[in-house]
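The file my_file-v3.pdb contains PDB, C-alpha atoms:
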```pdb
ATOM      1  CA  GLU A   1       3.959  -6.481 -10.134  1.00  0.00           C
ATOM      2  CA  GLN A   2       0.513  -5.488  -8.875  1.00  0.00           C
ATOM      3  CA  THR A   3       2.004  -2.660  -6.801  1.00  0.00           C
ATOM      4  CA  ILE A   4       4.017  -1.426  -9.777  1.00  0.00           C
ATOM      5  CA  ALA A   5       0.914  -1.460 -11.970  1.00  0.00           C
ATOM      6  CA  ALA A   6      -1.282   0.170  -9.316  1.00  0.00           C
ATOM      7  CA  ASN A   7       1.187   3.048  -8.959  1.00  0.00           C
ATOM      8  CA  ALA A   8       1.714   3.460 -12.710  1.00  0.00           C
ATOM      9  CA  VAL A   9       5.466   3.812 -12.409  1.00  0.00           C
ATOM     10  CA  GLY A  10       7.635   3.263 -15.451  1.00  0.00           C
ATOM     11  CA  ASN A  11      11.052   3.088 -13.821  1.00  0.00           C
ATOM     12  CA  VAL A  12      10.564  -0.112 -11.788  1.00  0.00           C
ATOM     13  CA  GLN A  13      11.168  -3.673 -12.886  1.00  0.00           C
ATOM     14  CA  ALA A  14      10.198  -6.865 -11.039  1.00  0.00           C
ATOM     15  CA  PHE A  15      12.116 -10.113 -11.447  1.00  0.00           C
ATOM     16  CA  PRO A  16      10.884 -13.524 -10.281  1.00  0.00           C
ATOM     17  CA  ILE A  17      14.266 -14.277  -8.696  1.00  0.00           C
ATOM     18  CA  ALA A  18      15.381 -15.002  -5.154  1.00  0.00           C
ATOM     19  CA  ALA A  19      18.519 -13.063  -4.241  1.00  0.00           C
ATOM     20  CA  SER A  20      21.421 -15.262  -3.129  1.00  0.00           C
ATOM     21  CA  ASP A  21      25.187 -15.628  -3.257  1.00  0.00           C
ATOM     22  CA  VAL A  22      25.303 -18.213  -6.082  1.00  0.00           C
ATOM     23  CA  PRO A  23      23.007 -19.267  -8.919  1.00  0.00           C
ATOM     24  CA  ALA A  24      20.884 -22.191  -7.768  1.00  0.00           C
ATOM     25  CA  THR A  25      17.430 -23.661  -7.557  1.00  0.00           C
ATOM     26  CA  LEU A  26      16.472 -23.448  -3.898  1.00  0.00           C
ATOM     27  CA  PRO A  27      13.508 -24.458  -1.773  1.00  0.00           C
ATOM     28  CA  LEU A  28      11.441 -21.516  -0.580  1.00  0.00           C
ATOM     29  CA  TYR A  29       9.656 -22.492   2.642  1.00  0.00           C
ATOM     30  CA  ILE A  30       6.200 -20.936   2.857  1.00  0.00           C
ATOM     31  CA  SER A  31       4.906 -19.629   6.192  1.00  0.00           C
ATOM     32  CA  HIS A  32       1.451 -20.799   7.260  1.00  0.00           C
ATOM     33  CA  ASP A  33       0.758 -17.542   9.104  1.00  0.00           C
ATOM     34  CA  ASN A  34       2.671 -14.655   7.546  1.00  0.00           C
ATOM     35  CA  ARG A  35       3.214 -13.985   3.826  1.00  0.00           C
ATOM     36  CA  GLY A  36       6.279 -11.924   4.775  1.00  0.00           C
ATOM     37  CA  ASP A  37       7.957 -14.780   6.646  1.00  0.00           C
ATOM     38  CA  ASN A  38       8.870 -17.151   3.811  1.00  0.00           C
ATOM     39  CA  ARG A  39      12.446 -18.422   3.998  1.00  0.00           C
ATOM     40  CA  LEU A  40      15.219 -19.909   1.849  1.00  0.00           C
ATOM     41  CA  TYR A  41      16.235 -22.212   4.695  1.00  0.00           C
ATOM     42  CA  GLN A  42      14.137 -24.808   6.509  1.00  0.00           C
ATOM     43  CA  PRO A  43      12.532 -23.212   9.586  1.00  0.00           C
ATOM     44  CA  GLY A  44      10.488 -26.262  10.592  1.00  0.00           C
ATOM     45  CA  ALA A  45       9.573 -29.716   9.374  1.00  0.00           C
ATOM     46  CA  ASP A  46       5.969 -28.823   8.580  1.00  0.00           C
ATOM     47  CA  TRP A  47       6.577 -25.806   6.321  1.00  0.00           C
ATOM     48  CA  PRO A  48       5.502 -26.456   2.714  1.00  0.00           C
ATOM     49  CA  LYS A  49       8.005 -25.495   0.031  1.00  0.00           C
ATOM     50  CA  ILE A  50       8.299 -24.591  -3.615  1.00  0.00           C
ATOM     51  CA  GLU A  51      11.396 -24.474  -5.810  1.00  0.00           C
ATOM     52  CA  VAL A  52      12.624 -21.020  -6.880  1.00  0.00           C
ATOM     53  CA  GLU A  53      15.445 -19.712  -9.023  1.00  0.00           C
ATOM     54  CA  ALA A  54      18.080 -17.879  -6.984  1.00  0.00           C
ATOM     55  CA  ARG A  55      20.838 -15.669  -8.370  1.00  0.00           C
ATOM     56  CA  PRO A  56      23.388 -13.106  -7.266  1.00  0.00           C
ATOM     57  CA  ILE A  57      21.914  -9.657  -7.795  1.00  0.00           C
ATOM     58  CA  ASP A  58      25.275  -8.449  -9.167  1.00  0.00           C
ATOM     59  CA  ALA A  59      24.670 -10.669 -12.226  1.00  0.00           C
ATOM     60  CA  LEU A  60      21.046  -9.590 -12.631  1.00  0.00           C
ATOM     61  CA  LEU A  61      21.989  -5.908 -12.468  1.00  0.00           C
ATOM     62  CA  ALA A  62      24.827  -6.387 -14.973  1.00  0.00           C
ATOM     63  CA  GLU A  63      22.423  -8.050 -17.430  1.00  0.00           C
ATOM     64  CA  ASN A  64      20.193  -4.990 -17.138  1.00  0.00           C
ATOM     65  CA  ASP A  65      23.051  -2.464 -17.534  1.00  0.00           C
ATOM     66  CA  ILE A  66      22.759  -1.202 -13.962  1.00  0.00           C
ATOM     67  CA  GLU A  67      26.203  -0.414 -12.545  1.00  0.00           C
ATOM     68  CA  THR A  68      25.460   1.429  -9.302  1.00  0.00           C
ATOM     69  CA  LEU A  69      22.639   1.770  -6.813  1.00  0.00           C
ATOM     70  CA  ASP A  70      21.787   4.553  -4.391  1.00  0.00           C
ATOM     71  CA  PHE A  71      19.414   2.548  -2.184  1.00  0.00           C
ATOM     72  CA  ILE A  72      19.028  -1.132  -1.298  1.00  0.00           C
ATOM     73  CA  LYS A  73      16.398  -2.576   1.074  1.00  0.00           C
ATOM     74  CA  ILE A  74      16.740  -6.162   2.288  1.00  0.00           C
ATOM     75  CA  ASP A  75      14.365  -8.065   4.586  1.00  0.00           C
ATOM     76  CA  VAL A  76      14.770 -11.783   3.954  1.00  0.00           C
ATOM     77  CA  GLN A  77      14.392 -13.396   7.377  1.00  0.00           C
ATOM     78  CA  GLY A  78      18.095 -13.982   8.108  1.00  0.00           C
ATOM     79  CA  TYR A  79      19.248 -14.675   4.544  1.00  0.00           C
ATOM     80  CA  GLU A  80      20.732 -11.143   4.349  1.00  0.00           C
ATOM     81  CA  PRO A  81      24.407 -12.269   4.424  1.00  0.00           C
ATOM     82  CA  LYS A  82      23.877 -14.374   1.303  1.00  0.00           C
ATOM     83  CA  VAL A  83      22.097 -11.517  -0.473  1.00  0.00           C
ATOM     84  CA  ILE A  84      24.992  -9.181   0.393  1.00  0.00           C
ATOM     85  CA  ALA A  85      27.512 -11.779  -0.851  1.00  0.00           C
ATOM     86  CA  GLY A  86      25.732 -11.643  -4.218  1.00  0.00           C
ATOM     87  CA  LEU A  87      25.792  -7.814  -4.207  1.00  0.00           C
ATOM     88  CA  ARG A  88      29.438  -7.186  -3.287  1.00  0.00           C
ATOM     89  CA  ASP A  89      30.501  -5.784  -6.667  1.00  0.00           C
ATOM     90  CA  THR A  90      27.540  -3.421  -6.904  1.00  0.00           C
ATOM     91  CA  ILE A  91      28.002  -2.203  -3.334  1.00  0.00           C
ATOM     92  CA  THR A  92      31.692  -1.594  -3.997  1.00  0.00           C
ATOM     93  CA  ARG A  93      30.881   0.440  -7.138  1.00  0.00           C
ATOM     94  CA  SER A  94      28.085   2.512  -5.520  1.00  0.00           C
ATOM     95  CA  PRO A  95      29.602   5.603  -3.844  1.00  0.00           C
ATOM     96  CA  GLN A  96      26.298   7.126  -2.682  1.00  0.00           C
ATOM     97  CA  LEU A  97      24.751   3.908  -1.390  1.00  0.00           C
ATOM     98  CA  THR A  98      22.365   3.705   1.528  1.00  0.00           C
ATOM     99  CA  LEU A  99      21.450   0.180   2.665  1.00  0.00           C
ATOM    100  CA  LEU A 100      18.398  -0.558   4.819  1.00  0.00           C
ATOM    101  CA  THR A 101      18.438  -4.114   6.123  1.00  0.00           C
ATOM    102  CA  GLU A 102      16.699  -6.131   8.759  1.00  0.00           C
ATOM    103  CA  PHE A 103      19.085  -7.558  11.356  1.00  0.00           C
ATOM    104  CA  TRP A 104      17.822 -10.712  13.079  1.00  0.00           C
ATOM    105  CA  PRO A 105      20.713 -12.636  14.647  1.00  0.00           C
ATOM    106  CA  LYS A 106      18.758 -15.869  15.180  1.00  0.00           C
ATOM    107  CA  GLY A 107      17.549 -15.872  11.572  1.00  0.00           C
ATOM    108  CA  ILE A 108      21.086 -15.237  10.310  1.00  0.00           C
ATOM    109  CA  ARG A 109      22.342 -18.202  12.348  1.00  0.00           C
ATOM    110  CA  ASP A 110      19.424 -20.385  11.201  1.00  0.00           C
ATOM    111  CA  ALA A 111      20.356 -19.555   7.592  1.00  0.00           C
ATOM    112  CA  GLY A 112      23.923 -20.729   8.260  1.00  0.00           C
ATOM    113  CA  ASP A 113      25.764 -17.459   8.815  1.00  0.00           C
ATOM    114  CA  ASP A 114      27.244 -15.503  11.726  1.00  0.00           C
ATOM    115  CA  PRO A 115      25.661 -12.164  12.750  1.00  0.00           C
ATOM    116  CA  GLY A 116      28.999 -10.656  13.832  1.00  0.00           C
ATOM    117  CA  GLU A 117      30.649 -11.619  10.539  1.00  0.00           C
ATOM    118  CA  PHE A 118      27.722 -10.092   8.662  1.00  0.00           C
ATOM    119  CA  LEU A 119      28.275  -6.744  10.398  1.00  0.00           C
ATOM    120  CA  LYS A 120      32.015  -6.992   9.714  1.00  0.00           C
ATOM    121  CA  THR A 121      31.352  -7.669   6.017  1.00  0.00           C
ATOM    122  CA  LEU A 122      29.104  -4.613   5.732  1.00  0.00           C
ATOM    123  CA  ARG A 123      31.863  -2.449   7.179  1.00  0.00           C
ATOM    124  CA  GLU A 124      34.482  -4.023   4.889  1.00  0.00           C
ATOM    125  CA  LEU A 125      32.257  -2.971   1.970  1.00  0.00           C
ATOM    126  CA  GLY A 126      32.645   0.638   3.128  1.00  0.00           C
ATOM    127  CA  LEU A 127      29.379   1.085   5.004  1.00  0.00           C
ATOM    128  CA  THR A 128      29.069   2.974   8.271  1.00  0.00           C
ATOM    129  CA  LEU A 129      26.369   1.201  10.280  1.00  0.00           C
ATOM    130  CA  HIS A 130      23.533   2.697  12.305  1.00  0.00           C
ATOM    131  CA  GLU A 131      20.605   1.168  14.144  1.00  0.00           C
ATOM    132  CA  LEU A 132      17.283   2.636  13.029  1.00  0.00           C
ATOM    133  CA  LYS A 133      15.412   3.448  16.233  1.00  0.00           C
ATOM    134  CA  ALA A 134      11.617   3.245  16.603  1.00  0.00           C
ATOM    135  CA  ASN A 135      11.392   7.063  16.580  1.00  0.00           C
ATOM    136  CA  GLY A 136      13.202   7.239  13.222  1.00  0.00           C
ATOM    137  CA  GLU A 137      16.540   8.365  14.617  1.00  0.00           C
ATOM    138  CA  LEU A 138      19.799   6.716  13.641  1.00  0.00           C
ATOM    139  CA  ALA A 139      22.268   5.607  16.305  1.00  0.00           C
ATOM    140  CA  GLU A 140      25.743   4.766  15.033  1.00  0.00           C
ATOM    141  CA  LEU A 141      26.556   1.150  15.784  1.00  0.00           C
ATOM    142  CA  LYS A 142      29.535   1.040  18.135  1.00  0.00           C
ATOM    143  CA  ASP A 143      29.182  -2.329  19.907  1.00  0.00           C
ATOM    144  CA  ASP A 144      28.289  -5.303  17.715  1.00  0.00           C
ATOM    145  CA  ASN A 145      28.162  -7.757  20.611  1.00  0.00           C
ATOM    146  CA  ASP A 146      25.663  -5.547  22.469  1.00  0.00           C
ATOM    147  CA  LEU A 147      23.469  -5.268  19.354  1.00  0.00           C
ATOM    148  CA  ILE A 148      23.487  -9.037  18.891  1.00  0.00           C
ATOM    149  CA  ALA A 149      22.764  -9.678  22.593  1.00  0.00           C
ATOM    150  CA  ARG A 150      19.833  -7.217  22.600  1.00  0.00           C
ATOM    151  CA  HIS A 151      18.200  -9.059  19.716  1.00  0.00           C
ATOM    152  CA  ALA A 152      17.994 -12.647  20.926  1.00  0.00           C
ATOM    153  CA  GLY A 153      15.298 -15.078  19.835  1.00  0.00           C
ATOM    154  CA  ARG A 154      12.587 -13.448  17.725  1.00  0.00           C
ATOM    155  CA  ARG A 155      13.878  -9.922  18.386  1.00  0.00           C
ATOM    156  CA  TYR A 156      15.193  -8.004  15.403  1.00  0.00           C
ATOM    157  CA  THR A 157      16.043  -4.461  14.391  1.00  0.00           C
ATOM    158  CA  ASN A 158      16.749  -2.505  11.233  1.00  0.00           C
ATOM    159  CA  LEU A 159      20.165  -1.246  10.250  1.00  0.00           C
ATOM    160  CA  VAL A 160      21.107   1.585   7.941  1.00  0.00           C
ATOM    161  CA  GLY A 161      24.486   1.370   6.258  1.00  0.00           C
ATOM    162  CA  ARG A 162      25.864   4.368   4.432  1.00  0.00           C
ATOM    163  CA  LYS A 163      28.771   5.048   2.171  1.00  0.00           C
ATOM    164  CA  HIS A 164      28.150   8.792   2.393  1.00  0.00           C
ATOM    165  CA  ASP A 165      27.871   9.208   6.139  1.00  0.00           C
ATOM    166  CA  SER A 166      27.263  12.949   6.423  1.00  0.00           C
ATOM    167  CA  CYS A 167      23.981  12.850   8.371  1.00  0.00           C
ATOM    168  CA  ALA A 168      24.641  10.382  11.208  1.00  0.00           C
ATOM    169  CA  GLY A 169      22.041  10.641  13.942  1.00  0.00           C
ATOM    170  CA  ASN A 170      19.660  12.795  11.913  1.00  0.00           C
ATOM    171  CA  HIS A 171      16.223  12.017  10.503  1.00  0.00           C
ATOM    172  CA  GLU A 172      15.976  11.676   6.766  1.00  0.00           C
TER     173      GLU A 172
END
```

Here is a file; write its structure as structure tokens.
Amino acid sequence: EQTIAANAVGNVQAFPIAASDVPATLPLYISHDNRGDNRLYQPGADWPKIEVEARPIDALLAENDIETLDFIKIDVQGYEPKVIAGLRDTITRSPQLTLLTEFWPKGIRDAGDDPGEFLKTLRELGLTLHELKANGELAELKDDNDLIARHAGRRYTNLVGRKHDSCAGNHE
């Protein structure tokens, strides 16, 4: 909300909701060291937690008369498969969609999902997947097992999924 106000934009709304696959009240575990590393699954016994409302984003968008999206960014420390599960209808209806998502196999497993199944789901939703390289280039994802193996432990990468894959490998 502070960023929205500081930039004086009128076309942005903020919602105090955690994105998930089902409506629920969930514990949000708060990182001691990194404000960007809070998680909706228990990462360690000593992490403090608060309760938050979680909802599928499909429902939130429908309530706000938003049918399609052109861009989605997700970075939720391994909870991405659950966010996508709550966005399936919107992704299906969005023909010009570009998705930017963090891909951290260990975090996905820690949150109770399978990294390979997550990649498969993204493709089933009509997205062509690319790894976003450090130099900004996109490399089409051809070998899921290699991607997962290269990102063991704390290693992660960013993926770009596109419905309109006309610029593969180019900067944008």

Box for segment 154-164 of chain A: with edges along x, y and z, all listed atoms inside and 5 Å added on each side, what are the centre and edge lengths in Å to one decimal, as JSON?
```
{"center_x": 20.7, "center_y": -2.3, "center_z": 10.3, "size_x": 26.2, "size_y": 32.2, "size_z": 26.2}
```

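Listed by chain and then by number, the residues chosen by the PyMOL selection byres ((chain A and resi 121) around 12) in this file are A:Glu80, A:Pro81, A:Lys82, A:Val83, A:Ile84, A:Ala85, A:Leu87, A:Arg88, A:Ile91, A:Thr92, A:Asp113, A:Asp114, A:Pro115, A:Gly116, A:Glu117, A:Phe118, A:Leu119, A:Lys120, A:Leu122, A:Arg123, A:Glu124, A:Leu125, A:Gly126, A:Leu127, A:Thr128, A:Leu129, A:Gly161.
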
Can you spit out the residues from that selection as a compact mmCIF listing (two decimals), in the frame of the given file, using C-alpha atoms?
```txt
# COMPACT_ATOMS: atom_id res chain seq x y z
CA GLU A 80 20.73 -11.14 4.35
CA PRO A 81 24.41 -12.27 4.42
CA LYS A 82 23.88 -14.37 1.30
CA VAL A 83 22.10 -11.52 -0.47
CA ILE A 84 24.99 -9.18 0.39
CA ALA A 85 27.51 -11.78 -0.85
CA LEU A 87 25.79 -7.81 -4.21
CA ARG A 88 29.44 -7.19 -3.29
CA ILE A 91 28.00 -2.20 -3.33
CA THR A 92 31.69 -1.59 -4.00
CA ASP A 113 25.76 -17.46 8.82
CA ASP A 114 27.24 -15.50 11.73
CA PRO A 115 25.66 -12.16 12.75
CA GLY A 116 29.00 -10.66 13.83
CA GLU A 117 30.65 -11.62 10.54
CA PHE A 118 27.72 -10.09 8.66
CA LEU A 119 28.28 -6.74 10.40
CA LYS A 120 32.02 -6.99 9.71
CA LEU A 122 29.10 -4.61 5.73
CA ARG A 123 31.86 -2.45 7.18
CA GLU A 124 34.48 -4.02 4.89
CA LEU A 125 32.26 -2.97 1.97
CA GLY A 126 32.65 0.64 3.13
CA LEU A 127 29.38 1.08 5.00
CA THR A 128 29.07 2.97 8.27
CA LEU A 129 26.37 1.20 10.28
CA GLY A 161 24.49 1.37 6.26
```

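What separates atom CA of Thr157 of chain A from atom CA of Gly78 of chain A is a distance of 11.6 Å.
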
Next item on the list: Could you tell me which residues the PyMOL selection byres ((chain A and resi 70) around 9) returns for this structure, as a ChimeraX atom specification?
Entry: /A:68-69,71-72,94-99

With only C-alpha atoms as the counted atoms, please give the residues lying no more than 12 Å from Arg154 of chain A, apart from itself and same-chain residues fewer than 3 positions off, as a PDB file with C-alpha atoms, in the frame of the given file.
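The resulting file, result_20.pdb, is shown below:
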```pdb
ATOM      1  CA  GLN A  77      14.392 -13.396   7.377  1.00  0.00           C
ATOM      2  CA  GLY A  78      18.095 -13.982   8.108  1.00  0.00           C
ATOM      3  CA  PHE A 103      19.085  -7.558  11.356  1.00  0.00           C
ATOM      4  CA  TRP A 104      17.822 -10.712  13.079  1.00  0.00           C
ATOM      5  CA  PRO A 105      20.713 -12.636  14.647  1.00  0.00           C
ATOM      6  CA  LYS A 106      18.758 -15.869  15.180  1.00  0.00           C
ATOM      7  CA  GLY A 107      17.549 -15.872  11.572  1.00  0.00           C
ATOM      8  CA  ILE A 108      21.086 -15.237  10.310  1.00  0.00           C
ATOM      9  CA  ASP A 110      19.424 -20.385  11.201  1.00  0.00           C
ATOM     10  CA  ILE A 148      23.487  -9.037  18.891  1.00  0.00           C
ATOM     11  CA  ALA A 149      22.764  -9.678  22.593  1.00  0.00           C
ATOM     12  CA  ARG A 150      19.833  -7.217  22.600  1.00  0.00           C
ATOM     13  CA  HIS A 151      18.200  -9.059  19.716  1.00  0.00           C
ATOM     14  CA  THR A 157      16.043  -4.461  14.391  1.00  0.00           C
TER      15      THR A 157
END
```

Note to self: Under the rule that all atoms listed in the file are counted, which of A:Asp143, A:Pro43, A:Gln13, A:Glu131 is the nearest residue to Ile66 of chain A?
What the structure shows: A:Gln13

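Relative to atom CA of Ile50 of chain A, atom CA of Val22 of chain A is found at 18.3 Å.
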
Notebook entry, point to check: Hey, which of A:Asn64, A:Asn34, A:Arg162, A:Pro16 ends up closest to Thr101 of chain A? Count all atoms listed in the file.
Noted result: A:Arg162

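Here atom CA of Leu60 of chain A is placed at a distance of 24.6 Å from atom CA of Ala6 of chain A.
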
Next item on the list: Apply the PyMOL selection byres ((chain A and resi 40) around 6) to the displayed file and report the matching residues as a VMD selection string.
Entry: chain A and resid 28 39 41

Notebook entry, point to check: For Lys142 of chain A, which residue out of A:His164, A:Arg55, A:Lys49, A:His130 is the nearest one, using only C-alpha atoms?
Noted result: A:His130
